[in-house]
Amino acid sequence: MRWSIKAKPEEEQINTLASALNVDGLVAQLLLQRGVDTYEKAKKFFRPELSDLHDPFLMKDMDFAVQRIEKAIANNENILVFGDYDVDGTTSVALVSSYLLGYYPNVATYIPDRYKEGYGVSYLGIDFANDNDFSLIIALDCGVKAIDKVAYAKEKNIDFIICDHHRPGSELPNAIAVLDPKRKDCPYPYDELCGCGVGFKLIQALGHNRGESAEDLVPYLDLVATAIGADIVPMTGENRVLAYFGLQVINTDPRIGFKAIINQIKKTVLTITDVVFIIAPRINAAGRMEHGQHAVNLLVETDMDRATTFAAKIEKFNIDRKDLDKKITQEALLQIEESNEEECFTSVVYKETWHKGVIGIVASRLTESYYRPTLVFTKSGDRLAASARSVKGFDVYNALEQCSGCIEQFGGHKYAAGLTLLEDQYEAFKAQFEKVVAETIDPILLTPEISVNMKIDLKEITPKLMRIINQFAPFGPGNMTPVFMTENIKDTGYAKGVGENGSHLKLSVTQNGSAPIGGIGFNLGDKLPIVSDRKPFNAVFSLDENEWNGKVSLQLKLRGLR
């Protein structure tokens with residue numbers, strides 16, 4: 001791991017902001033590193049308000065989308081709400097369908113089968129709409145590249161409204177409306193919404209025409225917050241407002257489907273981290289292991305008994321998913337080792353029997369092990385399908401664009417993408433991807449980085465500092481949990497390995513006679529020799545609260561030791 005300490009803002013800037021907010025310099029520095037440099041910005045940061053949300057009609061084509069939906073309702077048309085099978089897609093479908101069903105009955109949902117149809121808008125889905133007399137499809141978290149499929153729907157007199165957040169190609173589909181803040185011609189002031197966020201802007205626009213305010217739509221924000229966390233979009237601007245209020249809904253009055261999941265995990269207060277690592281994987285497991293429609297059914301259910309049954313089914317999917325991804329990860333790691341490709345700039349692995357539903361997770365696990373741009377392929381019908389994951393600072397989407405001659409179709413983001421290709425193109429693609437990455441990646445990006453906000457002394461860690469840092473939440477890209485570095489600290493003699501095979505490190509540290517403070521380092525058990533015998537060492541950590549026997553104490557959540 002390389003530790004990189006962020007540049008310190010100018011002293012004058014720190015003092016000016018500290019004085020304006022009546023906080024100490026440490027807090028002012030953390031805020032300045034987040035672009036919060038005035039009293040007004042700090043007020044918006046610490047006290048997000050629904051009035052901070054942008055006018056949805058600033059989004060290109062929003063007026064066309066609303067007009068077409070209102071026309072469909074006036075003409076008693078059937079509307080099909082179509083979405084991807086991941087968390088962002090299923091929450092989007094649950095959001096828009098449940099909102100429309102609140103005042104119009106002719107609405108149904110459709111999630112494509114991951115294995116029969118693959119990602120995004122499908123011909124099968126359009127045929128389903130045609131066979132069942134749907135004349136309008138609202139596509140969520142997909143569709144911005146579905147040029148041929150939207151044209152196919154047009155031939156069958158089916159209109160499309162697309163709500164997407166992926167990068168468009170050079171041409172847009174011929175839809176009634178293409179709502180995507182990443183369109184070059186879209187003037188919307190915030191372009192980092194997830195798919196469910198774009199769906200929320202659509203219902204916000206529809207609600208505006210019905211005399212509803214943003215406050216009236218707050219009950220839908222548990223879905224939006226979950227999608228924001230799961231899709232790892234920046235926790236800045238509008239996303240932060242939506243996540244802030246969405247977490248309040250999750251913790252006070254969540255929808256029945258969320259209640260059923262929360263009842264299983266028996267956790268009282270959920271942070272965005274809990275949403276990402278506890279709720280989202282369960283929702284995702286439905287589409288990975290069987291069908292994403294199970295997730296939508298749970299998220300729109302209003303009867304607690306039925307929701308509990310759905311949640312139990314999804315829990316079983318999640319357990320099966322964990323077993324499968326562990327097994328496939330081991331096979332993939334072995335494949336890399338046996339192929340002697342440890343010195344490559346990329347990891348590209350393939351086995352035709354690997355479960356398509358977990359290759360994205362496996363790609364993430366391989367990236368953790370080898371820390372380089374990674375693709376995991378499996379057989380999908382008569383083609384190969386892959387999930388791609390990248391390392392911090394490297395745009396895998398751009399790299400795939402430079403391999404487009406070997407690829408049938410692809411889409412995604414800077415750090416995660418999906419693609420399909422013909423089997424006879426696999427070796428050519430693999431060689432080309434390695435060449436592109438080798439020629440374009442900065443070698444320093446192949447060493448994982450811990451980004452440190454600042455150096456501090458242990459005596460600066462106080463309950464007051466913890467209370468202020470808690471108000472920085474919700475955390476995510478662009479607003480990460482503050483990470484500190486402290487030098488020349490010593491264990492008090494308490495250090496030991498804990499957990500299975502001593503894989504975690506538990507210790508208690510002091511610095512120049514300061515009061516001891518506890519620390520936990522997950523998966524840092526092998527660092528025990530560094531801290532033993534009261535030898536001085538340096539540590540990077542975030543701050544955490546440890547609850548034990550009803551008592552809450554501060555602790556260091558260790559990220560690295562030297």
# chains A, B, ... in the order shown; residues from 1 in each chain; ligands from 1
call {"tool": "residues_around", "arguments": {"residues": "segment 492-501 of chain A", "least_positions_apart": "5", "cutoff": "9 Å", "atoms": "only C-alpha atoms", "output": "list in words"}}
result
Lys506, Leu507, Ser508, Val509, Thr510, Pro516, Leu524, Gly525, Asp526, Leu528, Val531, Ser532, Asp533 and Arg534 of chain A
call {"tool": "residues_around", "arguments": {"residues": "Asn263 of chain A", "least_positions_apart": "5", "cutoff": "10 Å", "atoms": "only C-alpha atoms", "output": "list of chain:residue names"}}
result
A:Phe258, A:Thr268, A:Thr308, A:Ala311
call {"tool": "write_last_selection", "arguments": {"atoms": "C-alpha atoms", "output": "PDB file, in the first residue's frame"}}
result
ATOM      1  CA  PHE A 258     -36.877  -3.004   3.619  1.00  0.00           C
ATOM      2  CA  THR A 268     -31.273  -0.894  14.706  1.00  0.00           C
ATOM      3  CA  THR A 308     -41.206 -11.645   5.059  1.00  0.00           C
ATOM      4  CA  ALA A 311     -37.138 -11.619   2.111  1.00  0.00           C
TER       5      ALA A 311
END
call {"tool": "residues_around", "arguments": {"residues": "segment 29-39 of chain A", "least_positions_apart": "3", "cutoff": "7 Å", "atoms": "only C-alpha atoms", "output": "list in words"}}
result
Pro9, Ile14, Leu17, Ala20, Leu21, Gly25, Leu26, Ala42, Lys43 and Asn479 of chain A
call {"tool": "write_last_selection", "arguments": {"atoms": "C-alpha atoms", "output": "CSV table (one decimal), in the first residue's frame"}}
result
chain,number,residue,atom,x,y,z
A,9,PRO,CA,-4.9,24.1,2.3
A,14,ILE,CA,-8.0,27.3,7.3
A,17,LEU,CA,-13.1,29.1,7.7
A,20,ALA,CA,-16.5,31.6,10.4
A,21,LEU,CA,-17.8,28.3,11.6
A,25,GLY,CA,-8.4,24.0,12.3
A,26,LEU,CA,-8.6,20.3,11.9
A,42,ALA,CA,-20.9,24.5,5.2
A,43,LYS,CA,-24.5,25.1,6.0
A,479,ASN,CA,-17.0,12.6,0.6
call {"tool": "closest_residue", "arguments": {"among": "A:Leu421, A:Ala399, A:Arg114, A:Met485", "to": "Val358 of chain A", "atoms": "only C-alpha atoms"}}
result
A:Arg114
call {"tool": "closest_residue", "arguments": {"among": "A:Gln264, A:Pro219, A:Arg167, A:Asp141", "to": "Asn398 of chain A", "atoms": "only C-alpha atoms"}}
result
A:Arg167
call {"tool": "atom_distance", "arguments": {"atom1": "atom CA of Tyr103 of chain A", "atom2": "atom CA of Asp305 of chain A"}}
result
24.8 Å
call {"tool": "residues_around", "arguments": {"residues": "Glu155 of chain A", "least_positions_apart": "4", "cutoff": "12 Å", "atoms": "only C-alpha atoms", "output": "JSON list (two decimals) with C-alpha atoms, in the first residue's frame"}}
result
[["chain", "number", "residue", "atom", "x", "y", "z"],
["A", 126, "ILE", "CA", -40.20, -5.53, -26.43],
["A", 127, "ASP", "CA", -41.99, -8.63, -27.75],
["A", 130, "ASN", "CA", -46.17, -5.99, -27.93],
["A", 135, "SER", "CA", -47.66, 1.13, -26.03],
["A", 148, "ASP", "CA", -31.59, -0.91, -32.70],
["A", 149, "LYS", "CA", -33.99, -2.10, -29.99],
["A", 150, "VAL", "CA", -35.79, 1.24, -29.70],
["A", 151, "ALA", "CA", -36.11, 1.25, -33.52],
["A", 159, "ASP", "CA", -42.76, 4.39, -27.62],
["A", 160, "PHE", "CA", -39.76, 4.58, -25.31],
["A", 174, "ASN", "CA", -34.94, 7.48, -31.38]]
call {"tool": "atom_distance", "arguments": {"atom1": "atom CA of Leu384 of chain A", "atom2": "atom CA of Tyr350 of chain A"}}
result
8.8 Å
call {"tool": "closest_residue", "arguments": {"among": "A:Ser404, A:Thr462, A:Gln13, A:Ser553", "to": "Ala428 of chain A", "atoms": "only C-alpha atoms"}}
result
A:Ser404
call {"tool": "residues_around", "arguments": {"residues": "Thr486 of chain A", "least_positions_apart": "6", "cutoff": "9 Å", "atoms": "only C-alpha atoms", "output": "short mmCIF file (atom, residue, chain, number, x, y, z; two decimals) with C-alpha atoms, in the first residue's frame"}}
result
data_model
loop_
_atom_site.label_atom_id
_atom_site.label_comp_id
_atom_site.auth_asym_id
_atom_site.auth_seq_id
_atom_site.Cartn_x
_atom_site.Cartn_y
_atom_site.Cartn_z
CA MET A 454 -3.78 14.71 7.48
CA LYS A 455 -1.37 13.80 10.25
CA ILE A 456 -2.70 14.19 13.78
CA ASP A 457 -1.64 13.33 17.33
CA LEU A 458 -3.67 10.91 19.44
CA GLN A 511 1.64 8.37 22.16
CA PHE A 537 5.15 2.48 14.57
CA ASN A 538 3.07 4.68 12.29
CA ALA A 539 -0.61 4.03 11.54
CA VAL A 540 -3.31 5.23 9.16
CA PHE A 541 -6.88 4.94 10.41
#
call {"tool": "closest_residue", "arguments": {"among": "A:Phe310, A:Phe345, A:Phe472, A:Phe64", "to": "Ile283 of chain A", "atoms": "only C-alpha atoms"}}
result
A:Phe310
call {"tool": "closest_atom_pairs", "arguments": {"of": "segment 383-501 of chain A", "to": "segment 368-376 of chain A", "cutoff": "9 Å", "atoms": "only C-alpha atoms", "output": "Markdown table"}}
result
| residue | atom | partner | partner_atom | distance |
| --- | --- | --- | --- | --- |
| A:Ala385 | CA | A:Val376 | CA | 8.3 |
| A:Ala386 | CA | A:Val376 | CA | 5.3 |
| A:Ser387 | CA | A:Val376 | CA | 5.6 |
| A:Ala388 | CA | A:Leu375 | CA | 4.4 |
| A:Arg389 | CA | A:Thr374 | CA | 5.3 |
| A:Ser390 | CA | A:Pro373 | CA | 4.3 |
| A:Val391 | CA | A:Arg372 | CA | 5.9 |
| A:Phe394 | CA | A:Pro373 | CA | 8.0 |
| A:Val396 | CA | A:Pro373 | CA | 7.0 |
| A:Tyr415 | CA | A:Pro373 | CA | 8.8 |
| A:Gly418 | CA | A:Leu375 | CA | 8.9 |
| A:Val437 | CA | A:Pro373 | CA | 7.9 |
| A:Leu445 | CA | A:Arg372 | CA | 8.2 |
| A:Leu446 | CA | A:Arg372 | CA | 5.8 |
| A:Thr447 | CA | A:Tyr371 | CA | 6.9 |
| A:Pro448 | CA | A:Tyr371 | CA | 6.8 |
call {"tool": "write_last_selection", "arguments": {"atoms": "C-alpha atoms", "output": "compact mmCIF listing (two decimals), in the first residue's frame"}}
result
# COMPACT_ATOMS: atom_id res chain seq x y z
CA ALA A 385 -19.90 -12.22 -21.47
CA ALA A 386 -17.60 -10.40 -19.07
CA SER A 387 -17.63 -8.05 -16.12
CA ALA A 388 -14.81 -5.53 -15.91
CA ARG A 389 -13.45 -3.80 -12.81
CA SER A 390 -10.69 -1.22 -12.59
CA VAL A 391 -8.26 0.32 -10.12
CA PHE A 394 -7.75 4.19 -14.44
CA VAL A 396 -11.55 0.91 -17.93
CA TYR A 415 -14.46 1.71 -12.88
CA GLY A 418 -19.80 -5.18 -18.97
CA VAL A 437 -3.57 -0.95 -20.47
CA LEU A 445 -1.80 3.14 -10.11
CA LEU A 446 -1.00 -0.58 -9.83
CA THR A 447 -0.11 -0.13 -6.15
CA PRO A 448 -3.18 0.36 -3.94
call {"tool": "atom_distance", "arguments": {"atom1": "atom CA of Ile256 of chain A", "atom2": "atom CA of Glu290 of chain A"}}
result
21.9 Å
